[in-house]
$ cat coords.cif   # mmCIF, C-alpha atoms (C1' of nucleotides)
data_data
loop_
_atom_site.group_PDB
_atom_site.id
_atom_site.type_symbol
_atom_site.label_atom_id
_atom_site.label_comp_id
_atom_site.auth_asym_id
_atom_site.auth_seq_id
_atom_site.Cartn_x
_atom_site.Cartn_y
_atom_site.Cartn_z
ATOM 1 C CA MET A 541 24.319 5.258 -1.600
ATOM 2 C CA MET A 542 23.489 8.672 -2.979
ATOM 3 C CA ALA A 543 20.138 9.889 -4.273
ATOM 4 C CA HIS A 544 19.829 7.886 -7.540
ATOM 5 C CA PRO A 545 17.959 9.130 -10.607
ATOM 6 C CA ASP A 546 14.568 7.938 -9.376
ATOM 7 C CA GLY A 547 13.207 8.877 -5.989
ATOM 8 C CA GLY A 548 11.350 5.575 -5.774
ATOM 9 C CA ASP A 549 10.753 5.054 -2.099
ATOM 10 C CA ILE A 550 7.643 3.346 -0.800
ATOM 11 C CA GLY A 551 4.930 5.467 0.773
ATOM 12 C CA GLY A 552 2.275 4.764 3.335
ATOM 13 C CA PRO A 553 -0.645 2.466 2.590
ATOM 14 C CA ARG A 554 -3.379 3.825 0.350
ATOM 15 C CA ASN A 555 -6.402 5.174 2.230
ATOM 16 C CA TYR A 556 -4.406 5.150 5.430
ATOM 17 C CA LEU A 557 -5.638 8.558 6.520
ATOM 18 C CA ARG A 558 -9.084 7.305 7.465
ATOM 19 C CA PRO A 559 -8.012 4.569 9.849
ATOM 20 C CA CYS A 560 -5.524 6.970 11.435
ATOM 21 C CA LEU A 561 -8.108 9.679 12.015
ATOM 22 C CA LEU A 562 -10.589 7.168 13.384
ATOM 23 C CA LEU A 563 -7.973 5.890 15.810
ATOM 24 C CA LEU A 564 -7.023 9.379 16.990
ATOM 25 C CA LEU A 565 -10.674 10.263 17.475
ATOM 26 C CA ALA A 566 -11.190 7.030 19.399
ATOM 27 C CA GLU A 567 -8.444 8.228 21.736
ATOM 28 C CA GLY A 568 -10.331 11.489 22.244
ATOM 29 C CA THR A 569 -12.355 14.171 20.474
ATOM 30 C CA SER A 570 -10.252 16.695 18.619
ATOM 31 C CA HIS A 571 -10.241 19.188 15.782
ATOM 32 C CA GLY A 572 -8.523 19.231 12.404
ATOM 33 C CA TYR A 573 -5.525 21.337 13.201
ATOM 34 C CA GLU A 574 -4.694 19.298 16.273
ATOM 35 C CA LEU A 575 -5.196 16.001 14.453
ATOM 36 C CA LEU A 576 -2.723 17.251 11.887
ATOM 37 C CA GLU A 577 -0.012 17.367 14.546
ATOM 38 C CA GLN A 578 -1.052 14.087 16.142
ATOM 39 C CA LEU A 579 -0.802 12.270 12.804
ATOM 40 C CA ALA A 580 2.968 12.635 12.913
ATOM 41 C CA ASP A 581 3.118 10.110 15.782
ATOM 42 C CA LEU A 582 1.462 7.534 13.534
ATOM 43 C CA GLY A 583 4.052 7.858 10.800
ATOM 44 C CA LEU A 584 2.250 10.457 8.694
ATOM 45 C CA GLY A 585 4.711 13.295 8.835
ATOM 46 C CA ARG A 586 3.748 16.494 7.004
ATOM 47 C CA THR A 587 0.304 15.451 5.759
ATOM 48 C CA ASP A 588 -1.345 18.187 3.748
ATOM 49 C CA PRO A 589 -4.169 19.997 5.525
ATOM 50 C CA GLY A 590 -6.348 19.932 2.414
ATOM 51 C CA GLY A 591 -6.672 16.192 2.317
ATOM 52 C CA LEU A 592 -7.157 16.029 6.052
ATOM 53 C CA TYR A 593 -10.124 18.394 6.108
ATOM 54 C CA ARG A 594 -11.632 16.734 3.066
ATOM 55 C CA CYS A 595 -11.346 13.353 4.734
ATOM 56 C CA LEU A 596 -12.917 14.594 7.950
ATOM 57 C CA ARG A 597 -15.840 16.099 6.101
ATOM 58 C CA ALA A 598 -16.369 12.947 4.066
ATOM 59 C CA MET A 599 -16.471 10.879 7.249
ATOM 60 C CA ASP A 600 -18.887 13.394 8.728
ATOM 61 C CA GLU A 601 -21.231 13.003 5.773
ATOM 62 C CA GLU A 602 -20.973 9.226 6.060
ATOM 63 C CA GLY A 603 -21.850 9.365 9.735
ATOM 64 C CA LEU A 604 -18.563 7.968 11.033
ATOM 65 C CA VAL A 605 -17.920 11.154 13.013
ATOM 66 C CA ARG A 606 -20.025 13.986 14.368
ATOM 67 C CA SER A 607 -18.840 17.603 14.279
ATOM 68 C CA ALA A 608 -19.666 20.775 16.162
ATOM 69 C CA TRP A 609 -18.256 24.288 16.020
ATOM 70 C CA GLU A 610 -16.482 25.312 19.165
ATOM 71 C CA PRO A 611 -15.692 29.012 19.538
ATOM 72 C CA SER A 612 -12.213 29.787 20.793
ATOM 73 C CA THR A 613 -11.312 32.683 23.067
ATOM 74 C CA SER A 614 -7.967 33.025 21.303
ATOM 75 C CA GLY A 615 -7.994 32.332 17.590
ATOM 76 C CA PRO A 616 -10.606 31.273 15.054
ATOM 77 C CA ALA A 617 -13.400 28.818 15.844
ATOM 78 C CA ARG A 618 -12.658 25.111 15.527
ATOM 79 C CA ARG A 619 -14.748 22.290 14.307
ATOM 80 C CA VAL A 620 -14.400 19.515 16.858
ATOM 81 C CA TYR A 621 -14.976 15.941 15.782
ATOM 82 C CA GLU A 622 -16.317 13.094 17.836
ATOM 83 C CA LEU A 623 -16.428 9.429 16.880
ATOM 84 C CA THR A 624 -19.865 7.854 16.383
ATOM 85 C CA ASP A 625 -20.738 4.236 17.115
ATOM 86 C CA GLU A 626 -20.688 3.590 13.412
ATOM 87 C CA GLY A 627 -17.236 5.139 13.211
ATOM 88 C CA ARG A 628 -16.064 2.918 16.021
ATOM 89 C CA GLU A 629 -17.287 -0.144 14.142
ATOM 90 C CA TRP A 630 -15.362 0.990 11.085
ATOM 91 C CA LEU A 631 -12.296 1.524 13.190
ATOM 92 C CA HIS A 632 -12.434 -2.148 14.168
ATOM 93 C CA VAL A 633 -12.731 -3.212 10.530
ATOM 94 C CA LEU A 634 -9.946 -0.948 9.333
ATOM 95 C CA ALA A 635 -7.677 -1.881 12.216
ATOM 96 C CA GLY A 636 -8.108 -5.449 10.995
ATOM 97 C CA SER A 637 -6.937 -4.415 7.530
ATOM 98 C CA VAL A 638 -3.966 -2.634 9.041
ATOM 99 C CA ALA A 639 -3.098 -5.774 10.981
ATOM 100 C CA ASP A 640 -3.358 -7.865 7.795
ATOM 101 C CA LEU A 641 -1.035 -5.507 6.013
ATOM 102 C CA ALA A 642 1.374 -5.568 8.938
ATOM 103 C CA ARG A 643 1.487 -9.357 8.624
ATOM 104 C CA SER A 644 2.288 -9.101 4.909
ATOM 105 C CA LEU A 645 5.101 -6.668 5.611
ATOM 106 C CA ALA A 646 6.423 -8.971 8.305
ATOM 107 C CA THR A 647 6.521 -11.775 5.736
ATOM 108 C CA TYR A 648 8.450 -9.496 3.431
ATOM 109 C CA GLY A 649 10.889 -8.744 6.233
ATOM 110 C CA ARG A 650 11.460 -12.406 7.024
ATOM 111 C CA ARG A 651 12.112 -13.310 3.411
ATOM 112 C CA TYR A 652 14.344 -10.303 2.931
ATOM 113 C CA ARG A 653 16.467 -11.272 5.922
ATOM 114 C CA LEU A 654 16.906 -14.726 4.406
ATOM 115 C CA VAL A 655 18.334 -13.424 1.148
ATOM 116 C CA ALA A 656 20.415 -10.834 3.011
ATOM 117 C CA GLU A 657 21.962 -13.474 5.285
ATOM 118 C CA GLN A 658 22.797 -15.635 2.312
ATOM 119 C CA ARG A 659 25.147 -12.956 1.029
ATOM 120 C CA ASP A 660 26.352 -11.868 4.430
ATOM 121 C CA PRO A 661 26.248 -14.979 6.665
ATOM 122 C CA ILE A 662 25.889 -14.768 10.457
ATOM 123 C CA ARG A 663 28.947 -13.150 11.928
ATOM 124 C CA MET B 142 -21.051 -5.711 9.467
ATOM 125 C CA MET B 143 -22.456 -5.549 5.965
ATOM 126 C CA ALA B 144 -20.928 -3.789 3.020
ATOM 127 C CA HIS B 145 -21.531 -0.068 3.776
ATOM 128 C CA PRO B 146 -21.966 2.498 0.998
ATOM 129 C CA ASP B 147 -18.238 3.110 0.631
ATOM 130 C CA GLY B 148 -15.793 0.315 -0.029
ATOM 131 C CA GLY B 149 -13.054 2.171 1.884
ATOM 132 C CA ASP B 150 -10.626 -0.514 2.825
ATOM 133 C CA ILE B 151 -6.916 0.146 2.986
ATOM 134 C CA GLY B 152 -4.717 -1.168 0.208
ATOM 135 C CA GLY B 153 -1.064 -2.096 0.023
ATOM 136 C CA PRO B 154 1.667 0.523 0.313
ATOM 137 C CA ARG B 155 2.206 2.775 -2.670
ATOM 138 C CA ASN B 156 5.080 1.688 -4.926
ATOM 139 C CA TYR B 157 5.144 -1.672 -3.200
ATOM 140 C CA LEU B 158 5.531 -3.585 -6.438
ATOM 141 C CA ARG B 159 9.165 -2.657 -6.928
ATOM 142 C CA PRO B 160 10.444 -3.863 -3.565
ATOM 143 C CA CYS B 161 8.443 -7.070 -3.997
ATOM 144 C CA LEU B 162 9.851 -7.797 -7.429
ATOM 145 C CA LEU B 163 13.377 -7.020 -6.281
ATOM 146 C CA LEU B 164 12.956 -9.424 -3.375
ATOM 147 C CA LEU B 165 11.608 -12.206 -5.585
ATOM 148 C CA LEU B 166 14.446 -11.718 -8.045
ATOM 149 C CA ALA B 167 16.929 -11.790 -5.171
ATOM 150 C CA GLU B 168 15.515 -15.205 -4.306
ATOM 151 C CA GLY B 169 16.153 -16.346 -7.870
ATOM 152 C CA THR B 170 15.956 -15.291 -11.498
ATOM 153 C CA SER B 171 12.507 -15.531 -12.987
ATOM 154 C CA HIS B 172 10.219 -14.212 -15.693
ATOM 155 C CA GLY B 173 7.145 -11.995 -15.587
ATOM 156 C CA TYR B 174 4.440 -14.589 -15.716
ATOM 157 C CA GLU B 175 5.999 -16.586 -12.920
ATOM 158 C CA LEU B 176 6.620 -13.512 -10.782
ATOM 159 C CA LEU B 177 2.934 -12.749 -11.151
ATOM 160 C CA GLU B 178 2.086 -15.963 -9.332
ATOM 161 C CA GLN B 179 4.822 -15.555 -6.749
ATOM 162 C CA LEU B 180 3.570 -12.098 -5.816
ATOM 163 C CA ALA B 181 0.497 -13.644 -4.221
ATOM 164 C CA ASP B 182 2.663 -15.044 -1.404
ATOM 165 C CA LEU B 183 3.738 -11.497 -0.561
ATOM 166 C CA GLY B 184 0.203 -10.238 -0.115
ATOM 167 C CA LEU B 185 -0.294 -8.971 -3.661
ATOM 168 C CA GLY B 186 -3.139 -11.165 -4.805
ATOM 169 C CA ARG B 187 -4.397 -10.623 -8.348
ATOM 170 C CA THR B 188 -1.916 -7.963 -9.438
ATOM 171 C CA ASP B 189 -2.575 -6.842 -12.995
ATOM 172 C CA PRO B 190 -0.069 -8.093 -15.547
ATOM 173 C CA GLY B 191 0.128 -4.694 -17.249
ATOM 174 C CA GLY B 192 1.594 -2.931 -14.267
ATOM 175 C CA LEU B 193 3.922 -5.822 -13.582
ATOM 176 C CA TYR B 194 5.500 -5.818 -17.047
ATOM 177 C CA ARG B 195 5.730 -2.054 -17.030
ATOM 178 C CA CYS B 196 7.500 -2.137 -13.693
ATOM 179 C CA LEU B 197 9.951 -4.789 -14.873
ATOM 180 C CA ARG B 198 10.816 -2.827 -17.987
ATOM 181 C CA ALA B 199 11.274 0.365 -16.001
ATOM 182 C CA MET B 200 13.682 -1.398 -13.651
ATOM 183 C CA ASP B 201 15.477 -2.837 -16.637
ATOM 184 C CA GLU B 202 15.990 0.620 -18.119
ATOM 185 C CA GLU B 203 17.219 1.876 -14.753
ATOM 186 C CA GLY B 204 19.719 -0.963 -14.525
ATOM 187 C CA LEU B 205 18.240 -2.611 -11.424
ATOM 188 C CA VAL B 206 17.640 -5.798 -13.361
ATOM 189 C CA ARG B 207 19.042 -7.409 -16.503
ATOM 190 C CA SER B 208 16.832 -9.283 -18.964
ATOM 191 C CA ALA B 209 17.338 -11.896 -21.625
ATOM 192 C CA TRP B 210 14.968 -13.759 -23.930
ATOM 193 C CA GLU B 211 14.789 -17.439 -23.228
ATOM 194 C CA PRO B 212 13.113 -19.589 -25.906
ATOM 195 C CA SER B 213 10.724 -22.220 -24.629
ATOM 196 C CA THR B 214 10.145 -25.616 -26.226
ATOM 197 C CA SER B 215 6.482 -25.479 -25.232
ATOM 198 C CA GLY B 216 4.879 -22.040 -25.397
ATOM 199 C CA PRO B 217 6.034 -18.546 -26.205
ATOM 200 C CA ALA B 218 9.506 -17.220 -25.342
ATOM 201 C CA ARG B 219 10.019 -15.695 -21.940
ATOM 202 C CA ARG B 220 12.006 -12.717 -20.860
ATOM 203 C CA VAL B 221 13.944 -13.806 -17.804
ATOM 204 C CA TYR B 222 15.076 -11.198 -15.328
ATOM 205 C CA GLU B 223 18.145 -11.232 -13.156
ATOM 206 C CA LEU B 224 18.994 -8.854 -10.336
ATOM 207 C CA THR B 225 21.998 -6.572 -10.841
ATOM 208 C CA ASP B 226 24.309 -5.340 -8.070
ATOM 209 C CA GLU B 227 22.611 -1.987 -8.300
ATOM 210 C CA GLY B 228 19.251 -3.675 -7.930
ATOM 211 C CA ARG B 229 20.492 -5.506 -4.871
ATOM 212 C CA GLU B 230 21.568 -2.210 -3.319
ATOM 213 C CA TRP B 231 18.093 -0.804 -3.969
ATOM 214 C CA LEU B 232 16.560 -3.870 -2.437
ATOM 215 C CA HIS B 233 18.410 -3.093 0.787
ATOM 216 C CA VAL B 234 17.180 0.495 0.752
ATOM 217 C CA LEU B 235 13.598 -0.434 -0.030
ATOM 218 C CA ALA B 236 13.565 -3.249 2.520
ATOM 219 C CA GLY B 237 14.517 -0.568 5.033
ATOM 220 C CA SER B 238 11.492 1.478 3.998
ATOM 221 C CA VAL B 239 9.283 -1.574 4.306
ATOM 222 C CA ALA B 240 10.639 -2.173 7.805
ATOM 223 C CA ASP B 241 9.964 1.471 8.735
ATOM 224 C CA LEU B 242 6.419 1.162 7.524
ATOM 225 C CA ALA B 243 5.995 -2.104 9.416
ATOM 226 C CA ARG B 244 7.054 -0.281 12.585
ATOM 227 C CA SER B 245 4.476 2.453 11.966
ATOM 228 C CA LEU B 246 1.763 -0.123 11.484
ATOM 229 C CA ALA B 247 2.848 -1.875 14.670
ATOM 230 C CA THR B 248 2.478 1.426 16.513
ATOM 231 C CA TYR B 249 -0.995 1.743 15.063
ATOM 232 C CA GLY B 250 -1.805 -1.767 16.268
ATOM 233 C CA ARG B 251 -0.583 -1.080 19.800
ATOM 234 C CA ARG B 252 -2.590 2.118 20.109
ATOM 235 C CA TYR B 253 -5.634 0.473 18.604
ATOM 236 C CA ARG B 254 -5.494 -2.354 21.122
ATOM 237 C CA LEU B 255 -5.401 0.213 23.924
ATOM 238 C CA VAL B 256 -8.611 1.915 22.831
ATOM 239 C CA ALA B 257 -10.235 -1.448 22.112
ATOM 240 C CA GLU B 258 -9.393 -2.814 25.580
ATOM 241 C CA GLN B 259 -10.796 0.301 27.167
ATOM 242 C CA ARG B 260 -14.246 -0.566 25.867
ATOM 243 C CA ASP B 261 -13.868 -4.274 26.257
ATOM 244 C CA PRO B 262 -11.553 -4.880 29.258
ATOM 245 C CA ILE B 263 -9.496 -8.045 29.610
ATOM 246 C CA ARG B 264 -11.779 -10.982 30.116
ATOM 247 C "C1'" DC C 951 -2.368 48.607 10.393
ATOM 248 C "C1'" DG C 952 0.668 44.754 8.984
ATOM 249 C "C1'" DG C 953 2.399 40.392 9.966
ATOM 250 C "C1'" DG C 954 2.330 35.917 12.257
ATOM 251 C "C1'" DC C 955 -0.120 32.059 14.212
ATOM 252 C "C1'" DT C 956 -4.204 29.345 14.393
ATOM 253 C "C1'" DA C 957 -7.798 27.171 11.761
ATOM 254 C "C1'" DT C 958 -10.509 25.651 7.852
ATOM 255 C "C1'" DG C 959 -11.073 25.161 3.508
ATOM 256 C "C1'" DT C 960 -11.030 24.956 -2.433
ATOM 257 C "C1'" DG C 961 -8.939 23.986 -7.033
ATOM 258 C "C1'" DT C 962 -6.136 21.500 -9.655
ATOM 259 C "C1'" DA C 963 -1.953 18.958 -11.134
ATOM 260 C "C1'" DT C 964 0.446 14.711 -10.527
ATOM 261 C "C1'" DG C 965 1.240 10.011 -10.222
ATOM 262 C "C1'" DT C 966 -0.112 5.074 -9.343
ATOM 263 C "C1'" DT C 967 -3.167 1.877 -10.041
ATOM 264 C "C1'" DG C 968 -6.526 -0.797 -12.259
ATOM 265 C "C1'" DC C 969 -9.336 -2.162 -16.200
ATOM 266 C "C1'" DA C 970 -9.786 -3.434 -20.867
ATOM 267 C "C1'" DC C 971 -7.856 -4.893 -24.582
ATOM 268 C "C1'" DC C 972 -4.274 -6.785 -28.108
ATOM 269 C "C1'" DT C 973 -0.518 -9.883 -30.015
ATOM 270 C "C1'" DA C 974 1.690 -14.295 -30.379
ATOM 271 C "C1'" DC C 975 3.296 -19.187 -29.667
ATOM 272 C "C1'" DG C 976 2.420 -24.167 -28.850
ATOM 273 C "C1'" DG C 977 -0.546 -28.102 -28.079
ATOM 274 C "C1'" DC C 978 -4.982 -30.395 -28.359
ATOM 275 C "C1'" DG C 979 -9.348 -31.948 -30.243
ATOM 276 C "C1'" DC C 980 -12.091 -32.244 -34.364
ATOM 277 C "C1'" DG D 568 -6.664 -26.711 -41.310
ATOM 278 C "C1'" DC D 569 -9.383 -24.386 -37.594
ATOM 279 C "C1'" DG D 570 -10.901 -22.995 -33.098
ATOM 280 C "C1'" DC D 571 -9.711 -22.943 -28.429
ATOM 281 C "C1'" DC D 572 -7.117 -22.952 -24.180
ATOM 282 C "C1'" DG D 573 -3.061 -21.820 -21.475
ATOM 283 C "C1'" DT D 574 1.199 -19.382 -21.444
ATOM 284 C "C1'" DA D 575 3.707 -15.101 -22.117
ATOM 285 C "C1'" DG D 576 4.341 -10.270 -22.945
ATOM 286 C "C1'" DG D 577 2.507 -5.851 -23.910
ATOM 287 C "C1'" DT D 578 -0.292 -1.033 -24.779
ATOM 288 C "C1'" DG D 579 -3.808 2.617 -23.939
ATOM 289 C "C1'" DC D 580 -6.564 4.929 -21.062
ATOM 290 C "C1'" DA D 581 -9.594 6.111 -17.110
ATOM 291 C "C1'" DA D 582 -10.223 6.326 -12.204
ATOM 292 C "C1'" DC D 583 -8.616 7.432 -8.091
ATOM 293 C "C1'" DA D 584 -5.770 9.195 -4.202
ATOM 294 C "C1'" DT D 585 -2.586 12.196 -3.082
ATOM 295 C "C1'" DA D 586 0.363 16.418 -3.256
ATOM 296 C "C1'" DC D 587 0.828 21.146 -4.172
ATOM 297 C "C1'" DA D 588 -0.712 25.735 -4.338
ATOM 298 C "C1'" DC D 589 -3.518 28.986 -2.876
ATOM 299 C "C1'" DA D 590 -7.686 31.468 -0.392
ATOM 300 C "C1'" DT D 591 -10.180 32.913 3.698
ATOM 301 C "C1'" DA D 592 -10.725 34.453 8.370
ATOM 302 C "C1'" DG D 593 -10.159 35.332 13.318
ATOM 303 C "C1'" DC D 594 -7.160 36.774 16.993
ATOM 304 C "C1'" DC D 595 -3.068 38.914 19.078
ATOM 305 C "C1'" DC D 596 0.960 41.816 19.253
ATOM 306 C "C1'" DG D 597 4.197 45.488 18.167
#
$ encode --input "coords.cif" --output "structure tokens"
Amino acid sequence: MMAHPDGGDIGGPRNYLRPCLLLLLAEGTSHGYELLEQLADLGLGRTDPGGLYRCLRAMDEEGLVRSAWEPSTSGPARRVYELTDEGREWLHVLAGSVADLARSLATYGRRYRLVAEQRDPIR
Amino acid sequence: MMAHPDGGDIGGPRNYLRPCLLLLLAEGTSHGYELLEQLADLGLGRTDPGGLYRCLRAMDEEGLVRSAWEPSTSGPARRVYELTDEGREWLHVLAGSVADLARSLATYGRRYRLVAEQRDPIR
DNA sequence: CGGGCTATGTGTATGTTGCACCTACGGCGC
DNA sequence: GCGCCGTAGGTGCAACATACACATAGCCCG
């Protein structure tokens, strides 16, 4: 099909970073650099560190996570994040949004398959 | 749960308008104003007309759709859009992206349910 | 010491989206 | 005729989220 003038591919949902980080932190406390790697498993390949750290700090200020510096024997100190009760509540809310979106995309998929079959009937 | 300082809810995927319009046009030729209403069924409630018309014109210039003015006996003329072969090819590509995203969201859902069950075991 | 890996950050451009607003046609009531 | 509503298409701009580029710093190893 070959690269086309525009690169117009769809991206992830807007504001998806927050729900992802909250989920990862619900699975266990962690620090920025590690979360960066773990995000890949959720579909966010090569996320930029800048946005990640900014997001974590914003959630810290909002009380969704708690952070503490943990010195490392090998390498620089890390700021480890832990989910708060408030953060856990938000996770539930956001997971609901994610589920809603998933349903919309499923609808898209169903309707797409209909128009695709029409051209290329069941073989 | 009560409104929280931030309104941080997730939104639809970025660049989702294009795949939606291509799908709707694959289901049948239509014009902007009508597409606006049809978009609601795909999860895009209250989309702004500005962006819609801009998107349609962009796709027209790129050759993904063809347009023609159709006079109306009652009301202003409408520009009706029809999907081109090239547009149909793009629909296939974009529908693939949508499916990929849907899979990512499903993964999110599975992992979320795990951490949710942990706190609130099967009753 | 210099370079590479870990780790955390800042500054700013870029791009999509959303809001506000404008034009124009036809039909209806007055 | 005139104002108003619904239909239909469109522009300009600001807000926002993200992407890119770069800066800092500790530790280890050759």
$ residues_around --input "coords.cif" --residues "region 622-634 of chain A" --least-positions-apart "2" --cutoff "7 Å" --atoms "only C-alpha atoms (C1' of nucleotides)" --output "list in words"
Pro559, Leu562, Leu563, Leu565, Ala566, Thr569, Gly603, Leu604, Val605, Arg606, Ser607, Val620, Gly636, Ser637 and Val638 of chain A; Asp150 of chain B
$ calpha_fit_and_write --input "coords.cif" --fixed "chain B" --moving "chain A" --output "short mmCIF file (atom, residue, chain, number, x, y, z; two decimals) with C-alpha atoms, in the frame of the given file"
data_model
loop_
_atom_site.label_atom_id
_atom_site.label_comp_id
_atom_site.auth_asym_id
_atom_site.auth_seq_id
_atom_site.Cartn_x
_atom_site.Cartn_y
_atom_site.Cartn_z
CA MET A 541 -21.20 -5.75 9.50
CA MET A 542 -22.40 -5.74 5.92
CA ALA A 543 -20.80 -4.01 2.95
CA HIS A 544 -21.51 -0.32 3.77
CA PRO A 545 -21.98 2.38 1.14
CA ASP A 546 -18.26 3.02 0.71
CA GLY A 547 -15.81 0.26 -0.03
CA GLY A 548 -13.09 2.11 1.87
CA ASP A 549 -10.60 -0.54 2.80
CA ILE A 550 -6.89 0.16 2.96
CA GLY A 551 -4.67 -1.11 0.17
CA GLY A 552 -1.04 -2.04 -0.02
CA PRO A 553 1.70 0.57 0.30
CA ARG A 554 2.28 2.82 -2.69
CA ASN A 555 5.16 1.73 -4.92
CA TYR A 556 5.18 -1.64 -3.22
CA LEU A 557 5.54 -3.56 -6.46
CA ARG A 558 9.18 -2.63 -6.92
CA PRO A 559 10.46 -3.85 -3.58
CA CYS A 560 8.46 -7.05 -4.01
CA LEU A 561 9.87 -7.78 -7.45
CA LEU A 562 13.39 -7.01 -6.29
CA LEU A 563 12.96 -9.42 -3.39
CA LEU A 564 11.60 -12.20 -5.59
CA LEU A 565 14.44 -11.72 -8.05
CA ALA A 566 16.92 -11.79 -5.18
CA GLU A 567 15.50 -15.21 -4.31
CA GLY A 568 16.14 -16.35 -7.88
CA THR A 569 15.94 -15.29 -11.52
CA SER A 570 12.47 -15.52 -12.99
CA HIS A 571 10.18 -14.20 -15.69
CA GLY A 572 7.11 -11.98 -15.60
CA TYR A 573 4.41 -14.57 -15.70
CA GLU A 574 5.99 -16.58 -12.91
CA LEU A 575 6.60 -13.49 -10.79
CA LEU A 576 2.93 -12.72 -11.16
CA GLU A 577 2.06 -15.94 -9.33
CA GLN A 578 4.82 -15.54 -6.75
CA LEU A 579 3.57 -12.07 -5.82
CA ALA A 580 0.50 -13.62 -4.22
CA ASP A 581 2.69 -15.01 -1.41
CA LEU A 582 3.76 -11.47 -0.56
CA GLY A 583 0.22 -10.21 -0.12
CA LEU A 584 -0.29 -8.92 -3.66
CA GLY A 585 -3.15 -11.08 -4.78
CA ARG A 586 -4.40 -10.56 -8.34
CA THR A 587 -1.93 -7.88 -9.45
CA ASP A 588 -2.57 -6.77 -13.00
CA PRO A 589 -0.05 -8.04 -15.55
CA GLY A 590 0.14 -4.65 -17.25
CA GLY A 591 1.63 -2.89 -14.29
CA LEU A 592 3.95 -5.78 -13.59
CA TYR A 593 5.52 -5.79 -17.05
CA ARG A 594 5.76 -2.02 -17.06
CA CYS A 595 7.53 -2.10 -13.72
CA LEU A 596 9.97 -4.77 -14.85
CA ARG A 597 10.85 -2.84 -17.97
CA ALA A 598 11.33 0.37 -16.02
CA MET A 599 13.71 -1.39 -13.65
CA ASP A 600 15.51 -2.85 -16.65
CA GLU A 601 16.03 0.61 -18.13
CA GLU A 602 17.26 1.86 -14.76
CA GLY A 603 19.75 -0.97 -14.53
CA LEU A 604 18.27 -2.61 -11.44
CA VAL A 605 17.66 -5.84 -13.37
CA ARG A 606 19.04 -7.43 -16.50
CA SER A 607 16.81 -9.29 -18.97
CA ALA A 608 17.32 -11.92 -21.64
CA TRP A 609 14.92 -13.76 -23.92
CA GLU A 610 14.74 -17.44 -23.22
CA PRO A 611 13.02 -19.59 -25.85
CA SER A 612 10.62 -22.17 -24.50
CA THR A 613 10.05 -25.61 -25.99
CA SER A 614 6.39 -25.43 -24.99
CA GLY A 615 4.79 -22.02 -25.22
CA PRO A 616 5.96 -18.54 -26.18
CA ALA A 617 9.42 -17.20 -25.34
CA ARG A 618 9.94 -15.64 -21.93
CA ARG A 619 11.96 -12.70 -20.86
CA VAL A 620 13.92 -13.80 -17.81
CA TYR A 621 15.06 -11.19 -15.33
CA GLU A 622 18.13 -11.25 -13.16
CA LEU A 623 19.00 -8.87 -10.34
CA THR A 624 22.02 -6.60 -10.84
CA ASP A 625 24.33 -5.39 -8.08
CA GLU A 626 22.65 -2.03 -8.31
CA GLY A 627 19.28 -3.71 -7.93
CA ARG A 628 20.52 -5.54 -4.88
CA GLU A 629 21.60 -2.25 -3.32
CA TRP A 630 18.15 -0.83 -3.97
CA LEU A 631 16.58 -3.89 -2.44
CA HIS A 632 18.44 -3.11 0.79
CA VAL A 633 17.22 0.49 0.75
CA LEU A 634 13.63 -0.43 -0.02
CA ALA A 635 13.60 -3.24 2.51
CA GLY A 636 14.55 -0.57 5.03
CA SER A 637 11.53 1.50 4.00
CA VAL A 638 9.32 -1.55 4.31
CA ALA A 639 10.68 -2.16 7.80
CA ASP A 640 10.00 1.49 8.74
CA LEU A 641 6.46 1.18 7.54
CA ALA A 642 6.03 -2.08 9.42
CA ARG A 643 7.08 -0.26 12.59
CA SER A 644 4.50 2.47 11.97
CA LEU A 645 1.78 -0.12 11.48
CA ALA A 646 2.87 -1.87 14.66
CA THR A 647 2.47 1.43 16.51
CA TYR A 648 -1.00 1.74 15.06
CA GLY A 649 -1.80 -1.78 16.25
CA ARG A 650 -0.60 -1.10 19.78
CA ARG A 651 -2.61 2.09 20.08
CA TYR A 652 -5.66 0.45 18.57
CA ARG A 653 -5.52 -2.39 21.08
CA LEU A 654 -5.44 0.18 23.88
CA VAL A 655 -8.65 1.87 22.79
CA ALA A 656 -10.26 -1.50 22.06
CA GLU A 657 -9.44 -2.83 25.53
CA GLN A 658 -10.85 0.28 27.13
CA ARG A 659 -14.28 -0.59 25.77
CA ASP A 660 -13.91 -4.31 26.19
CA PRO A 661 -11.64 -4.84 29.23
CA ILE A 662 -9.53 -7.99 29.69
CA ARG A 663 -11.78 -10.96 30.17
#
$ resolve_selection --input "coords.cif" --expression "the PyMOL selection byres ((chain D and resi 592) around 12)" --output "VMD selection string"
(chain A and resid 615 to 618) or (chain C and resid 956 to 959) or (chain D and resid 590 to 591 593 to 594)
$ resolve_selection --input "coords.cif" --expression "the PyMOL selection byres ((chain B) within 8 of (chain A))" --output "MDAnalysis selection string"
chainID B and resid 149:157 161 164 167:168 183:184 235:236 238:240 242:243 245:250 252:253 256
$ closest_residue --input "coords.cif" --among "A:Asp660, A:Glu577, A:Asp588, A:Glu610" --to "chain D" --atoms "only C-alpha atoms (C1' of nucleotides)"
A:Asp588
$ residues_around --input "coords.cif" --residues "region 570-586 of chain D" --least-positions-apart "4" --cutoff "10 Å" --atoms "all atoms listed in the file" --output "number ranges by chain"
A: 554-555, 587-588, 590-591; B: 172-175, 190-191, 194-195, 215-220; C: 963-980
$ atom_distance --input "coords.cif" --atom1 "CA of Leu177 (chain B)" --atom2 "CA of Thr214 (chain B)"
21.1 Å
$ resolve_selection --input "coords.cif" --expression "the PyMOL selection byres ((chain C and resi 953) around 12)" --output "PyMOL selection string"
(chain C and resi 951-952+954-955) or (chain D and resi 595-597)
$ closest_residue --input "coords.cif" --among "B:Arg251, B:Pro262, B:Leu193, B:Leu162" --to "chain C" --atoms "all atoms listed in the file"
B:Leu193
